[in-house]
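Undergrad: The structure that follows is given in the form of structure tokens.
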Amino acid sequence: MLATEPTQVPSAGGEQPCALELRALSKSFTLGSGLLRKGRKLHAVSEVSLRVPRGQVMGLVGESGCGKSTLAKMLLGLTSPTAGEVLVDGRPIAGANQKALARHIQPIFQDPYSSLNPRQRIAQIVGLPLRVHGIGSPKEQAARVAEMLDLVGLPGRAARQYPGQLSGGQRQRVAIARALIMRPALVICDEPTSALDVSVQAQILNLLLDLKEAFGLTYLFISHDLAVVEHLADRLAVMYLGRIVEEGSREQIFGAPRHPYTRALLASALTPEPGLGVPDIGLGCGQPDPSAPPSGCAFHPRCPLAEANCERHRPSLNDAEGGGRVACHLA
Ligand SMILES: Nc1ncnc2c1ncn2[C@@H]1O[C@H](COP(=O)(O)OP(=O)(O)OP(=O)(O)O)[C@@H](O)[C@H]1O
Ligand SMILES: [Mg+2]
């Protein structure tokens with residue numbers, strides 16, 4: 001069960017707690033094998049603090065390996081944090097069992113095929129959460145499944161089909177139906193369109209937006225591609241080597257990015273780059289080894305503006321002029 005008492009008292013103005021709040025959330029892995037890496041710690045997520053108000057879409061972007069999925073897994077209770085706290089509607093999720101958590105938070109992952117049982121019909125797959133939680137009679141469950149399939153734009157006949165008979169886009173619609181059938185308040189989308197053809201991507205993104213309005217959902221929307229989150233996110237957080245380096249409204253991030261890394265990501269999003277999952281962000285040298293991050297500002301070896309101070313001191317994530325937060329000595 002989630003802790004029953006909210007730790008955040010609503011403010012005098014009656015303001016509700018955030019749908020999701022992360023407080024200095026960290027996760028490190030101890031690397032087990034390899035002569036040079038043995039016993040070394042890899043800080044996949046470091047002191048991430050973030051607030052997502054109810055009904056908003058927070059985009060979380062950054063290159064492959066920066067810690068996005070590790071963060072998502074902590075929110076879903078699939079891995080436990082090394083330090084820090086996750087609050088859902090003001091209540092800490094630590095100690096909550098996965099079943100209880102599943103009523104509040106649901107994931108939509110990149111590859112629906114691997115998470116859909118190939119031997120079950122779509123109706124069984126989408127209705128499974130209702131059966132697990134014992135919600136409704138079999139007849140009511142079937143009605144709710146049919147309604148959900150319709151809402152995600154699948155034809156009625158899909159209920160009797162198997163995942164292998166559907167297209168990639170249709171399978172992602174099934175995964176969305178299954179995620180939403182329990183009416184969760186919060187949905188963690190981890191690269192939900194990255195495996196899809198570009199033409200299908202836009203359809204799924206629009207569907208996610210429509211469903212957000214229909215159900216009053218809050219999304220944490222993870223992507224390595226700023227362009228994908230552009231028309232979806234209210235706010236964006238940019239991650240680099242496990243840390244948030246910039247956070248702000250969509251207008252701030254796209255209109256006046258302050259961190260040199262955000263600017264580089266934006267430049268790459270504007271360059272068409274067919275068929276590649278990982279953008280060439282045009283920063284010369286590649287991403288550093290996350291188990292041996294650079295000193296000071298971890299971005300300094302790739303930063304076109306870096307000064308001596310950047311190598312020595314890590315900038316903290318401070319409130320920035322005009323709103324948002326940025327971690328850069330030169331911003
Ligand atoms: N179980 C694990 N053991 C050791 N290291 C791990 C483990 N899981 C993730 N990592 C490492 O943590 C870092 C962050 O990985 P994560 O999968 O969270 O990145 P990501 O941002 O989701 O990347 P992508 O865009 O490729 O999905 C990577 O360096 C990864 O190798
Ligand atoms: Mg990932």
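Chain lettering (A, B, ...) mirrors the order of the structure tokens, residue numbering begins at 1 for each chain separately, and ligand numbering begins at 1 in order of display.
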So which residues of segment 137-314 of chain A fall under alpha helix (DSSP H) by DSSP, listed as a PyMOL selection string?
TA: chain A and resi 138-151+168-180+198-215+226-229+250-255+260-270+308-312
Undergrad: Can you list, as a list of chain:residue names, every protein, DNA or RNA residue that comes within 6 Å of segment 257-259 of chain A when you count only C-alpha atoms, leaving out same-chain residues fewer than 4 positions away?
TA: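 That gives A:Ile253, A:Arg263, A:Ala331.
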Undergrad: Show which residues sit within 10 Å of Gly323 of chain A, as a ChimeraX atom specification. Count only C-alpha atoms, and ignore same-chain residues fewer than 4 positions away.
TA: /A:247-249,252,319
Undergrad: Just to be explicit: take each residue in the selection above, keep N, CA and C atoms, and write the result as a PDB file, in the first residue's frame.
TA:
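Everything below was put into selection.pdb:
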ATOM      1  N   GLU A 247      16.181  22.416 -16.799  1.00  0.00           N
ATOM      2  CA  GLU A 247      14.755  22.110 -16.710  1.00  0.00           C
ATOM      3  C   GLU A 247      14.001  23.401 -16.954  1.00  0.00           C
ATOM      4  N   GLY A 248      12.904  23.311 -17.677  1.00  0.00           N
ATOM      5  CA  GLY A 248      12.137  24.526 -17.921  1.00  0.00           C
ATOM      6  C   GLY A 248      10.886  24.244 -18.725  1.00  0.00           C
ATOM      7  N   SER A 249      10.120  25.289 -18.998  1.00  0.00           N
ATOM      8  CA  SER A 249       8.919  25.131 -19.806  1.00  0.00           C
ATOM      9  C   SER A 249       9.340  24.821 -21.243  1.00  0.00           C
ATOM     10  N   GLN A 252      10.728  27.846 -22.905  1.00  0.00           N
ATOM     11  CA  GLN A 252      12.100  28.184 -22.512  1.00  0.00           C
ATOM     12  C   GLN A 252      13.108  27.275 -23.206  1.00  0.00           C
ATOM     13  N   ASP A 319      18.014  27.767  -9.745  1.00  0.00           N
ATOM     14  CA  ASP A 319      16.925  28.492 -10.393  1.00  0.00           C
ATOM     15  C   ASP A 319      17.528  29.497 -11.361  1.00  0.00           C
TER      16      ASP A 319
END
Undergrad: With ligand 2 as the partner and 8 Å as the cut-off, tabulate the residues of chain A that qualify, each row holding the nearest pair of atoms and their distance in Å to one decimal, using only C-alpha atoms and all ligand atoms, sorted by chain and rising number, as a Markdown table.
TA:
| residue | atom | partner | partner_atom_place_in_ligand_line | distance |
| --- | --- | --- | --- | --- |
| A:Ser64 | CA | ligand 2 | 1 (Mg) | 6.7 |
| A:Gly65 | CA | ligand 2 | 1 (Mg) | 6.9 |
| A:Gly67 | CA | ligand 2 | 1 (Mg) | 7.1 |
| A:Lys68 | CA | ligand 2 | 1 (Mg) | 5.5 |
| A:Ser69 | CA | ligand 2 | 1 (Mg) | 4.0 |
| A:Thr70 | CA | ligand 2 | 1 (Mg) | 7.2 |
| A:Asp190 | CA | ligand 2 | 1 (Mg) | 6.8 |
| A:Glu191 | CA | ligand 2 | 1 (Mg) | 7.3 |
Undergrad: Restricting it to N, CA and C atoms, dump the selection as an mmCIF file, in the first residue's frame.
TA:
data_model
loop_
_atom_site.group_PDB
_atom_site.id
_atom_site.type_symbol
_atom_site.label_atom_id
_atom_site.label_comp_id
_atom_site.auth_asym_id
_atom_site.auth_seq_id
_atom_site.Cartn_x
_atom_site.Cartn_y
_atom_site.Cartn_z
ATOM 1 N N SER A 64 21.460 8.305 -25.177
ATOM 2 C CA SER A 64 21.448 6.925 -24.729
ATOM 3 C C SER A 64 22.418 6.737 -23.557
ATOM 4 N N GLY A 65 21.957 6.061 -22.520
ATOM 5 C CA GLY A 65 22.823 5.748 -21.391
ATOM 6 C C GLY A 65 22.870 6.829 -20.322
ATOM 7 N N GLY A 67 20.606 7.593 -18.223
ATOM 8 C CA GLY A 67 19.928 7.192 -16.998
ATOM 9 C C GLY A 67 18.409 7.300 -17.028
ATOM 10 N N LYS A 68 17.830 7.555 -18.200
ATOM 11 C CA LYS A 68 16.381 7.771 -18.298
ATOM 12 C C LYS A 68 15.583 6.540 -17.864
ATOM 13 N N SER A 69 15.964 5.376 -18.398
ATOM 14 C CA SER A 69 15.190 4.173 -18.072
ATOM 15 C C SER A 69 15.408 3.739 -16.628
ATOM 16 N N THR A 70 16.602 3.966 -16.118
ATOM 17 C CA THR A 70 16.853 3.631 -14.706
ATOM 18 C C THR A 70 15.935 4.471 -13.822
ATOM 19 N N ASP A 190 8.275 5.386 -21.713
ATOM 20 C CA ASP A 190 9.713 5.287 -21.967
ATOM 21 C C ASP A 190 9.926 4.994 -23.446
ATOM 22 N N GLU A 191 10.238 6.022 -24.214
ATOM 23 C CA GLU A 191 10.465 5.907 -25.661
ATOM 24 C C GLU A 191 9.319 5.153 -26.346
#
Undergrad: Compare A:Ala94, A:Cys297, A:Leu50, A:Leu60 by their minimum atom-to-atom distance to ligand 1, counting only C-alpha atoms and all ligand atoms, and give me the closest one.
TA: A:Leu60
Undergrad: Find the residues near Pro293 of chain A: any atom within 9 Å, counting only C-alpha atoms, skip ones fewer than 3 places away on the same chain, and give them as a ChimeraX atom specification.
TA: /A:42-43,241,288-290,298
Undergrad: What is the distance, in Å and to one decimal place, between atom CA of Gly169 of chain A and atom CA of Leu220 of chain A?
TA: 20.4 Å
Undergrad: With DSSP run on the backbone, what are the strand (DSSP E) residues within segment 25-128 of chain A? I'd like them as a ChimeraX atom specification.
TA: /A:25-30,41-52,57-61,83-88,91-92,105-108
Undergrad: May I have the residues within 12 Å of segment 195-204 of chain A as a PyMOL selection string, using only C-alpha atoms and disregarding those fewer than 5 positions away in the same chain?
TA: chain A and resi 108-114+152-153+167-176+189-190+209-211+223+227-232+272-277
Undergrad: Please, could you write that set of residues out with C-alpha atoms as a compact mmCIF listing (two decimals), in the first residue's frame?
TA:
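Final output, saved to result.txt:
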# COMPACT_ATOMS: atom_id res chain seq x y z
CA ILE A 108 4.27 2.32 -21.70
CA PHE A 109 7.55 0.97 -23.03
CA GLN A 110 9.34 1.18 -26.34
CA ASP A 111 8.85 -2.36 -27.53
CA PRO A 112 5.32 -3.57 -26.91
CA TYR A 113 6.00 -6.90 -28.56
CA SER A 114 8.28 -8.15 -25.80
CA VAL A 152 -7.22 3.61 -28.49
CA GLY A 153 -8.51 3.29 -32.04
CA SER A 167 1.20 -4.09 -36.84
CA GLY A 168 3.75 -2.34 -34.64
CA GLY A 169 1.51 0.68 -34.22
CA GLN A 170 -1.50 -1.49 -33.33
CA ARG A 171 0.56 -3.39 -30.76
CA GLN A 172 1.55 -0.10 -29.16
CA ARG A 173 -2.16 0.78 -29.02
CA VAL A 174 -2.75 -2.51 -27.18
CA ALA A 175 0.00 -1.64 -24.70
CA ILE A 176 -1.60 1.78 -24.17
CA CYS A 189 6.21 6.59 -21.24
CA ASP A 190 9.71 5.29 -21.97
CA LEU A 209 -2.33 13.51 -26.12
CA ASP A 210 -6.03 12.79 -26.68
CA LEU A 211 -6.07 10.17 -23.92
CA SER A 223 12.85 10.25 -25.20
CA ALA A 227 11.76 16.71 -31.58
CA VAL A 228 9.50 13.88 -30.41
CA VAL A 229 8.54 15.61 -27.17
CA GLU A 230 8.22 19.05 -28.71
CA HIS A 231 4.48 19.11 -29.29
CA LEU A 232 3.66 16.96 -26.29
CA PRO A 272 17.18 15.24 -40.30
CA GLU A 273 18.88 11.97 -39.68
CA PRO A 274 17.02 9.07 -41.19
CA GLY A 275 17.04 5.67 -39.56
CA LEU A 276 19.31 6.49 -36.67
CA GLY A 277 18.13 6.05 -33.10
